[in-house]
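Engineer: My file is my_file.cif. It has mmCIF, C-alpha atoms:
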data_data
#
loop_
_atom_site.label_atom_id
_atom_site.label_comp_id
_atom_site.auth_asym_id
_atom_site.auth_seq_id
_atom_site.Cartn_x
_atom_site.Cartn_y
_atom_site.Cartn_z
CA MET H 4 100.16 91.60 76.45
CA THR H 5 100.67 91.90 80.19
CA ILE H 6 103.93 93.40 81.43
CA HIS H 7 105.24 93.55 84.99
CA LEU H 8 107.37 96.48 86.07
CA ASN H 9 108.85 97.44 89.40
CA SER H 10 108.09 100.86 90.84
CA LEU H 11 111.16 102.38 89.17
CA GLY H 12 109.89 101.34 85.73
CA ILE H 13 107.64 102.98 83.19
CA ILE H 14 104.78 103.29 85.62
CA ALA H 15 106.24 105.26 88.51
CA SER H 16 104.34 105.94 91.71
CA ALA H 17 104.33 109.42 93.17
CA SER H 18 105.08 109.92 96.84
CA ILE H 19 102.05 110.65 98.97
CA ALA H 20 102.34 113.17 101.77
CA ALA H 21 101.37 111.89 105.19
CA LEU H 22 97.82 112.90 105.97
CA SER H 23 94.57 111.28 107.07
CA LEU H 24 91.49 110.85 104.93
CA VAL H 25 87.99 109.93 106.07
CA ILE H 26 86.58 107.47 103.56
CA GLY H 27 83.36 106.57 105.32
CA PRO H 28 80.55 108.19 107.27
CA THR H 29 81.66 106.96 110.68
CA ALA H 30 84.79 107.07 112.82
CA GLN H 31 85.19 103.35 112.20
CA ALA H 32 86.05 103.89 108.54
CA GLN H 33 89.14 106.08 108.55
CA THR H 34 92.23 105.46 106.46
CA PHE H 35 95.59 107.05 107.20
CA ILE H 36 97.44 108.02 104.02
CA GLY H 37 101.25 108.05 104.12
CA ASN H 38 103.84 106.40 106.34
CA PHE H 39 102.18 105.58 109.68
CA ASN H 40 103.89 105.36 113.07
CA GLY H 41 101.43 105.05 115.96
CA THR H 42 100.14 102.55 118.50
CA ILE H 43 97.63 99.71 118.74
CA LYS H 44 94.36 100.83 120.37
CA ASP H 45 92.26 97.65 120.34
CA ALA H 46 91.69 94.44 118.38
CA THR H 47 90.87 96.23 115.11
CA THR H 48 92.05 99.83 115.51
CA ILE H 49 95.35 101.73 115.47
CA THR H 50 95.79 105.30 116.68
CA PHE H 51 97.99 108.34 116.03
CA GLY H 52 97.71 111.98 117.10
CA GLY H 53 94.42 111.40 118.90
CA MET H 54 92.78 109.89 115.80
CA ASP H 55 91.75 106.26 115.28
CA TYR H 56 92.26 104.39 112.02
CA THR H 57 91.24 101.03 110.60
CA ALA H 58 93.48 101.12 107.50
CA VAL H 59 96.72 102.61 106.16
CA GLN H 60 97.37 103.54 102.51
CA THR H 61 101.09 103.99 101.80
CA GLU H 62 102.08 104.60 98.16
CA ASN H 63 100.44 101.82 96.07
CA VAL H 64 99.44 99.47 98.91
CA LEU H 65 96.57 99.34 101.43
CA PHE H 66 96.92 97.67 104.86
CA ASP H 67 93.54 96.90 106.48
CA ASN H 68 91.29 94.30 108.16
CA PHE H 69 93.43 94.34 111.32
CA ASN H 70 92.99 91.70 114.02
CA PHE H 71 95.28 92.02 117.05
CA ASP H 72 94.93 89.12 119.49
CA GLY H 73 96.89 88.74 122.72
CA THR H 74 98.89 91.20 124.87
CA PHE H 75 98.96 93.79 122.10
CA PHE H 76 97.07 96.84 123.36
CA GLY H 77 98.45 100.05 124.84
CA ASP H 78 100.51 103.16 124.21
CA ASP H 79 103.73 101.22 124.77
CA LEU H 80 103.19 99.08 121.66
CA GLU H 81 104.29 100.97 118.56
CA ILE H 82 103.17 99.90 115.11
CA GLY H 83 104.31 101.24 111.76
CA PHE H 84 103.51 100.96 108.06
CA SER H 85 105.85 102.45 105.47
CA SER H 86 107.13 102.22 101.91
CA LEU H 87 110.41 102.70 100.06
CA ILE H 88 110.25 102.55 96.25
CA ASN H 89 108.76 99.08 95.57
CA GLN H 90 109.12 97.79 99.14
CA TYR H 91 106.52 97.90 101.91
CA PHE H 92 107.04 97.40 105.64
CA PHE H 93 105.08 96.51 108.78
CA ASP H 94 106.98 97.19 112.03
CA PHE H 95 106.05 96.28 115.61
CA ASN H 96 108.03 97.65 118.57
CA PRO H 97 107.37 97.40 122.33
CA VAL H 98 108.63 100.68 123.83
CA PRO H 99 110.48 101.98 125.75
CA SER H 100 111.71 98.50 126.68
CA PRO H 101 111.28 94.99 125.23
CA ASP H 102 108.47 92.77 126.47
CA ALA H 103 107.47 89.09 126.57
CA ILE H 104 104.74 89.53 123.96
CA ASN H 105 102.51 86.54 123.16
CA GLY H 106 99.61 86.40 120.73
CA SER H 107 98.97 87.01 117.05
CA PHE H 108 98.07 89.77 114.65
CA SER H 109 96.56 89.60 111.19
CA TYR H 110 95.98 92.06 108.37
CA ASP H 111 95.31 92.25 104.63
CA ILE H 112 97.71 93.94 102.25
CA THR H 113 96.33 94.88 98.81
CA GLY H 114 97.94 96.46 95.77
CA ASP H 115 96.27 99.31 93.91
CA GLN H 116 94.62 98.86 90.51
CA THR H 117 94.30 101.90 88.24
CA VAL H 118 92.53 102.26 84.91
CA LEU H 119 94.33 104.91 82.84
CA PRO H 120 92.44 107.35 80.56
CA ASN H 121 93.38 105.25 77.51
CA GLY H 122 91.89 102.13 79.09
CA ASN H 123 95.18 100.52 80.06
CA VAL H 124 95.21 98.93 83.53
CA VAL H 125 98.07 99.11 86.04
CA THR H 126 97.95 96.68 88.99
CA THR H 127 100.37 96.42 91.92
CA LEU H 128 101.23 92.77 92.65
CA PHE H 129 103.29 91.19 95.43
CA ASN H 130 106.18 88.87 94.56
CA PHE H 131 108.24 88.52 97.75
CA ALA H 132 107.95 88.57 101.56
CA ALA H 133 110.41 88.47 104.44
CA LEU H 134 110.25 88.24 108.25
CA ASP H 135 112.74 89.46 110.86
CA SER H 136 112.73 89.87 114.65
CA ASP H 137 115.06 91.19 117.34
CA VAL H 138 114.83 89.29 120.65
CA GLN H 139 116.79 88.59 123.83
CA GLY H 140 116.74 85.97 126.59
CA PRO H 141 117.57 82.38 127.52
CA GLY H 142 114.52 80.84 125.89
CA VAL H 143 113.45 80.32 122.29
CA TYR H 144 111.39 83.26 121.01
CA GLN H 145 109.58 82.22 117.87
CA VAL H 146 107.58 84.20 115.34
CA THR H 147 105.71 82.31 112.65
CA LYS H 148 104.30 84.09 109.62
CA ASN H 149 101.45 82.72 107.52
CA VAL H 150 100.81 84.25 104.09
CA ILE H 151 97.68 83.38 102.10
CA THR H 152 97.49 84.83 98.60
CA SER H 153 94.34 85.92 96.80
CA GLU H 154 94.73 82.78 94.66
CA GLY H 155 94.77 80.50 97.71
CA GLN H 156 98.49 79.71 97.91
CA VAL H 157 99.84 79.33 101.46
CA ILE H 158 103.39 80.37 102.40
CA ASN H 159 104.96 80.07 105.87
CA LEU H 160 108.01 81.80 107.35
CA THR H 161 109.69 81.48 110.77
CA SER H 162 111.95 83.75 112.81
CA THR H 163 113.57 81.94 115.75
CA ASN H 164 115.66 83.83 118.32
CA GLY H 165 115.94 86.81 115.99
CA SER H 166 116.72 84.98 112.76
CA THR H 167 115.64 86.32 109.37
CA ASP H 168 113.47 84.30 107.00
CA ASP H 169 113.55 85.77 103.51
CA SER H 170 112.61 82.64 101.59
CA ALA H 171 109.06 83.58 100.56
CA VAL H 172 108.83 83.95 96.80
CA ILE H 173 105.17 84.74 96.18
CA PRO H 174 103.28 83.76 93.01
CA LEU H 175 102.16 87.16 91.75
CA ALA H 176 99.15 88.17 93.85
CA ARG H 177 97.29 91.43 94.40
CA THR H 178 96.07 90.64 97.94
CA LEU H 179 97.77 88.82 100.83
CA ARG H 180 96.29 87.82 104.19
CA ILE H 181 99.06 87.93 106.80
CA THR H 182 99.04 86.30 110.25
CA ASP H 183 102.04 86.56 112.59
CA SER H 184 102.03 84.46 115.78
CA LEU H 185 104.40 85.32 118.65
CA SER H 186 105.55 82.87 121.36
CA SER H 187 107.95 84.36 123.93
CA ASN H 188 109.01 81.13 125.71
CA GLY H 189 110.86 83.11 128.37
CA ASP H 190 112.39 85.67 126.00
CA VAL H 191 111.53 89.30 125.23
CA ILE H 192 111.13 90.96 121.84
CA PHE H 193 112.59 94.33 120.83
CA SER H 194 111.10 94.58 117.34
CA LEU H 195 109.43 92.69 114.51
CA THR H 196 109.49 93.57 110.81
CA ASN H 197 107.48 92.23 107.88
CA SER H 198 108.60 93.38 104.43
CA TYR H 199 107.24 92.89 100.93
CA THR H 200 108.28 93.74 97.38
CA THR H 201 105.97 94.52 94.49
CA VAL H 202 105.92 94.76 90.71
CA GLU H 203 103.52 96.70 88.50
CA GLU H 204 101.43 94.73 86.02
CA PHE H 205 100.57 96.71 82.87
CA THR H 206 97.68 95.40 80.78
CA PRO H 207 96.94 97.28 77.52
CA ALA H 208 93.32 98.06 76.77
CA GLY H 209 91.47 95.58 74.59
CA VAL H 210 93.91 92.71 75.11
CA PRO H 211 92.18 89.55 76.44
CA GLU H 212 93.79 87.80 79.40
CA PRO H 213 93.77 84.22 77.95
CA GLY H 214 96.94 83.61 76.03
CA THR H 215 98.65 86.80 77.14
CA MET H 216 102.41 86.97 77.27
CA ILE H 217 103.88 88.05 80.58
CA GLY H 218 107.19 89.91 80.77
CA LEU H 219 109.01 90.84 83.91
CA LEU H 220 111.26 93.90 83.81
CA VAL H 221 113.28 94.48 86.94
CA ILE H 222 114.98 97.85 87.19
CA GLY H 223 117.09 98.47 90.26
CA ALA H 224 117.16 96.34 93.36
CA ALA H 225 113.86 94.49 93.21
CA GLY H 226 115.16 91.28 94.79
CA LEU H 227 115.01 90.57 98.49
CA ALA H 228 112.80 92.75 100.63
CA THR H 229 115.28 94.44 102.94
CA ARG H 230 114.59 95.36 106.50
CA ARG H 231 113.88 98.98 107.29
CA LYS H 232 112.97 100.20 110.74
CA VAL H 233 110.33 102.87 111.18
CA SER H 234 111.70 105.58 113.40
#
If you took the structure in this file and wrote it as structure tokens, what would it be?
Structural biologist:
Amino acid sequence: MTIHLNSLGIIASASIAALSLVIGPTAQAQTFIGNFNGTIKDATTITFGGMDYTAVQTENVLFDNFNFDGTFFGDDLEIGFSSLINQYFFDFNPVPSPDAINGSFSYDITGDQTVLPNGNVVTTLFNFAALDSDVQGPGVYQVTKNVITSEGQVINLTSTNGSTDDSAVIPLARTLRITDSLSSNGDVIFSLTNSYTTVEEFTPAGVPEPGTMIGLLVIGAAGLATRRKVS
């Protein structure tokens, strides 16, 4: 039997203190653990406190495989990754003032999978995504969001002139490839937020996957992924 729980359910995730962990032999393989709020250094690297990172692990989710393309580099472009219970957030903020940002950025987002001592397996899966932006100007600022699941499903969202698109119900998937494309069209952007919700899949040891029965237990507010700014 396979059961899906949100992060307030039987399988609860412990909060992880913000710290950095080197997971490889070179400076190119560093993962920041915790809620991250730094800047974009180059096409594949983010930076905080004088250290460079290529991935962020926050609670049960890993953000990695970054690809920033366009006018995205510099200390005035803040980027954040954070979590709140079973919700995960990516925030992008030009500071101290808005800017006519054009280009795209991509990243992978992957849920943890843990084998417990008794052989049971707990997997974090994504079930919802939302997109929001805050813009200003006489034009039509548009952000398009492309989501590709690990099973090959494609989901698209659009934020036009600051609108919210929270229509993306995701077939349960452990990994998502995200690409956001920004077109200023004469406007400026203050902020951009991607948000995701997850459930925990619990698979008892020794139970074959074919013919399993899936249950979904939702405890608390596990519906729409709400917007949360990273300070």
Engineer: The PyMOL selection byres ((chain H and resi 93) around 9) on the file shown: which residues, as a PyMOL selection string?
Structural biologist: chain H and resi 82-85+91-92+94-95+195-199+232-233
Engineer: Taking all atoms listed in the file into account, which of H:Asp72, H:Glu154, H:Asp45, H:Glu62 comes nearest H:Thr182?
Structural biologist: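 Once distances to H:Thr182 are computed over all atoms listed in the file, the minimum belongs to H:Asp72.
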Engineer: Within 7 Å of H:Phe51, counting all atoms listed in the file, which residues show up once you throw out same-chain ones fewer than 4 positions away? Write them as a list in words, please.
Structural biologist: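 Here the answer would be Gly41, Thr42 and Asp55 of chain H.
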Engineer: Counting all atoms listed in the file, what are the residues of stretch 154-188 of chain H within 6 Å of stretch 110-113 of chain H, and for each of them which pair of atoms is the nearest and at what distance in Å, to one decimal? Sort the table by chain and rising number, as JSON lines.
Structural biologist:
{"residue": "H:Arg177", "atom": "CA", "partner": "H:Thr113", "partner_atom": "CA", "distance": 5.7}
{"residue": "H:Thr178", "atom": "CA", "partner": "H:Thr113", "partner_atom": "CA", "distance": 4.3}
{"residue": "H:Leu179", "atom": "CA", "partner": "H:Ile112", "partner_atom": "CA", "distance": 5.3}
{"residue": "H:Arg180", "atom": "CA", "partner": "H:Asp111", "partner_atom": "CA", "distance": 4.6}
{"residue": "H:Ile181", "atom": "CA", "partner": "H:Tyr110", "partner_atom": "CA", "distance": 5.4}
Engineer: Mind dumping the selected residues with C-alpha atoms as a CSV table (one decimal), keeping the file's coordinate frame?
Structural biologist:
chain,number,residue,atom,x,y,z
H,177,ARG,CA,97.3,91.4,94.4
H,178,THR,CA,96.1,90.6,97.9
H,179,LEU,CA,97.8,88.8,100.8
H,180,ARG,CA,96.3,87.8,104.2
H,181,ILE,CA,99.1,87.9,106.8
Engineer: With the cut-off set at 7 Å and counting only C-alpha atoms, tabulate each residue of stretch 155-208 of chain H with an atom at most that distance from an atom of stretch 131-137 of chain H, showing the nearest atom pair and its distance in Å to one decimal, ordered by chain and increasing number, as a tab-separated table.
Structural biologist:
residue	atom	partner	partner_atom	distance
H:Leu160	CA	H:Leu134	CA	6.9
H:Ser162	CA	H:Asp135	CA	6.1
H:Gly165	CA	H:Ser136	CA	4.6
H:Ser166	CA	H:Asp135	CA	6.3
H:Thr167	CA	H:Asp135	CA	4.5
H:Asp168	CA	H:Leu134	CA	5.2
H:Asp169	CA	H:Ala133	CA	4.2
H:Ser170	CA	H:Ala133	CA	6.9
H:Ala171	CA	H:Ala132	CA	5.2
H:Val172	CA	H:Phe131	CA	4.7
H:Ile173	CA	H:Phe131	CA	5.1
H:Ile192	CA	H:Asp137	CA	6.0
H:Phe193	CA	H:Asp137	CA	5.3
H:Ser194	CA	H:Asp137	CA	5.2
H:Leu195	CA	H:Ser136	CA	4.3
H:Thr196	CA	H:Asp135	CA	5.2
H:Asn197	CA	H:Leu134	CA	4.9
H:Ser198	CA	H:Ala133	CA	5.2
H:Tyr199	CA	H:Ala132	CA	4.4
H:Thr200	CA	H:Phe131	CA	5.2
Engineer: What are the centre and the three edge lengths of an axis-aligned box that wraps all atoms of stretch 192-197 of chain H in the file, given that 4 Å is added to every side, written as AutoDock Vina command-line options and rounded to one decimal in Å?
Structural biologist:
--center_x 110.0 --center_y 92.8 --center_z 114.9 --size_x 13.1 --size_y 11.6 --size_z 22.0
Engineer: Distance atom CA of H:Ile104-atom CA of H:Phe66, one decimal place?
Structural biologist: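 That distance, rounded to one decimal, is 22.2 Å.
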Engineer: In Å, with one decimal, what is the gap from atom CA of H:Leu185 to atom CA of H:Val150?
Structural biologist: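 Going from atom CA of H:Leu185 over to atom CA of H:Val150, I get 15.0 Å.
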Engineer: Do a neighbour search on H:Gln60 at 8 Å with all atoms listed in the file, toss out local chain neighbours closer than 3 positions, and write the hits as a VMD selection string.
Structural biologist: chain H and resid 34 to 37 63 to 66
Engineer: I need the residues from that last selection saved to file as a PDB file, keeping the file's coordinate frame (with C-alpha atoms), if you can.
Structural biologist:
ATOM      1  CA  THR H  34      92.230 105.460 106.460  1.00  0.00           C
ATOM      2  CA  PHE H  35      95.590 107.050 107.200  1.00  0.00           C
ATOM      3  CA  ILE H  36      97.440 108.020 104.020  1.00  0.00           C
ATOM      4  CA  GLY H  37     101.250 108.050 104.120  1.00  0.00           C
ATOM      5  CA  ASN H  63     100.440 101.820  96.070  1.00  0.00           C
ATOM      6  CA  VAL H  64      99.440  99.470  98.910  1.00  0.00           C
ATOM      7  CA  LEU H  65      96.570  99.340 101.430  1.00  0.00           C
ATOM      8  CA  PHE H  66      96.920  97.670 104.860  1.00  0.00           C
TER       9      PHE H  66
END
Engineer: At what distance in Å, to one decimal, does atom CA of H:Gln33 lie from atom CA of H:Thr147?
Structural biologist: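 Separating atom CA of H:Thr147 from atom CA of H:Gln33 is a distance of 29.3 Å.
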Engineer: What would the selection look like, as a list in words, if the PyMOL selection byres ((chain H and resi 127) around 6) were run on the coordinates I just shared?
Structural biologist: Gly114, Asp115, Thr126, Leu128, Val202 and Glu203 of chain H
Engineer: Check what the PyMOL selection byres ((chain H and resi 105) around 12) selects in the file above and give those residues as a list of chain:residue names.
Structural biologist: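 For this structure, the PyMOL selection byres ((chain H and resi 105) around 12) captures H:Phe71, H:Asp72, H:Gly73, H:Thr74, H:Phe75, H:Phe76, H:Pro97, H:Asp102, H:Ala103, H:Ile104, H:Gly106, H:Ser107, H:Phe108, H:Tyr144, H:Gln145, H:Val146, H:Thr147, H:Asp183, H:Ser184, H:Leu185, H:Ser186, H:Ser187, H:Asn188, H:Gly189, H:Asp190, H:Val191, H:Ile192.
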Engineer: Counting all atoms listed in the file, which residue out of H:Asn130, H:Gln156, H:Ser109, H:Gln90 sits closest to H:Thr48?
Structural biologist: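 The closest residue to H:Thr48 is H:Ser109.
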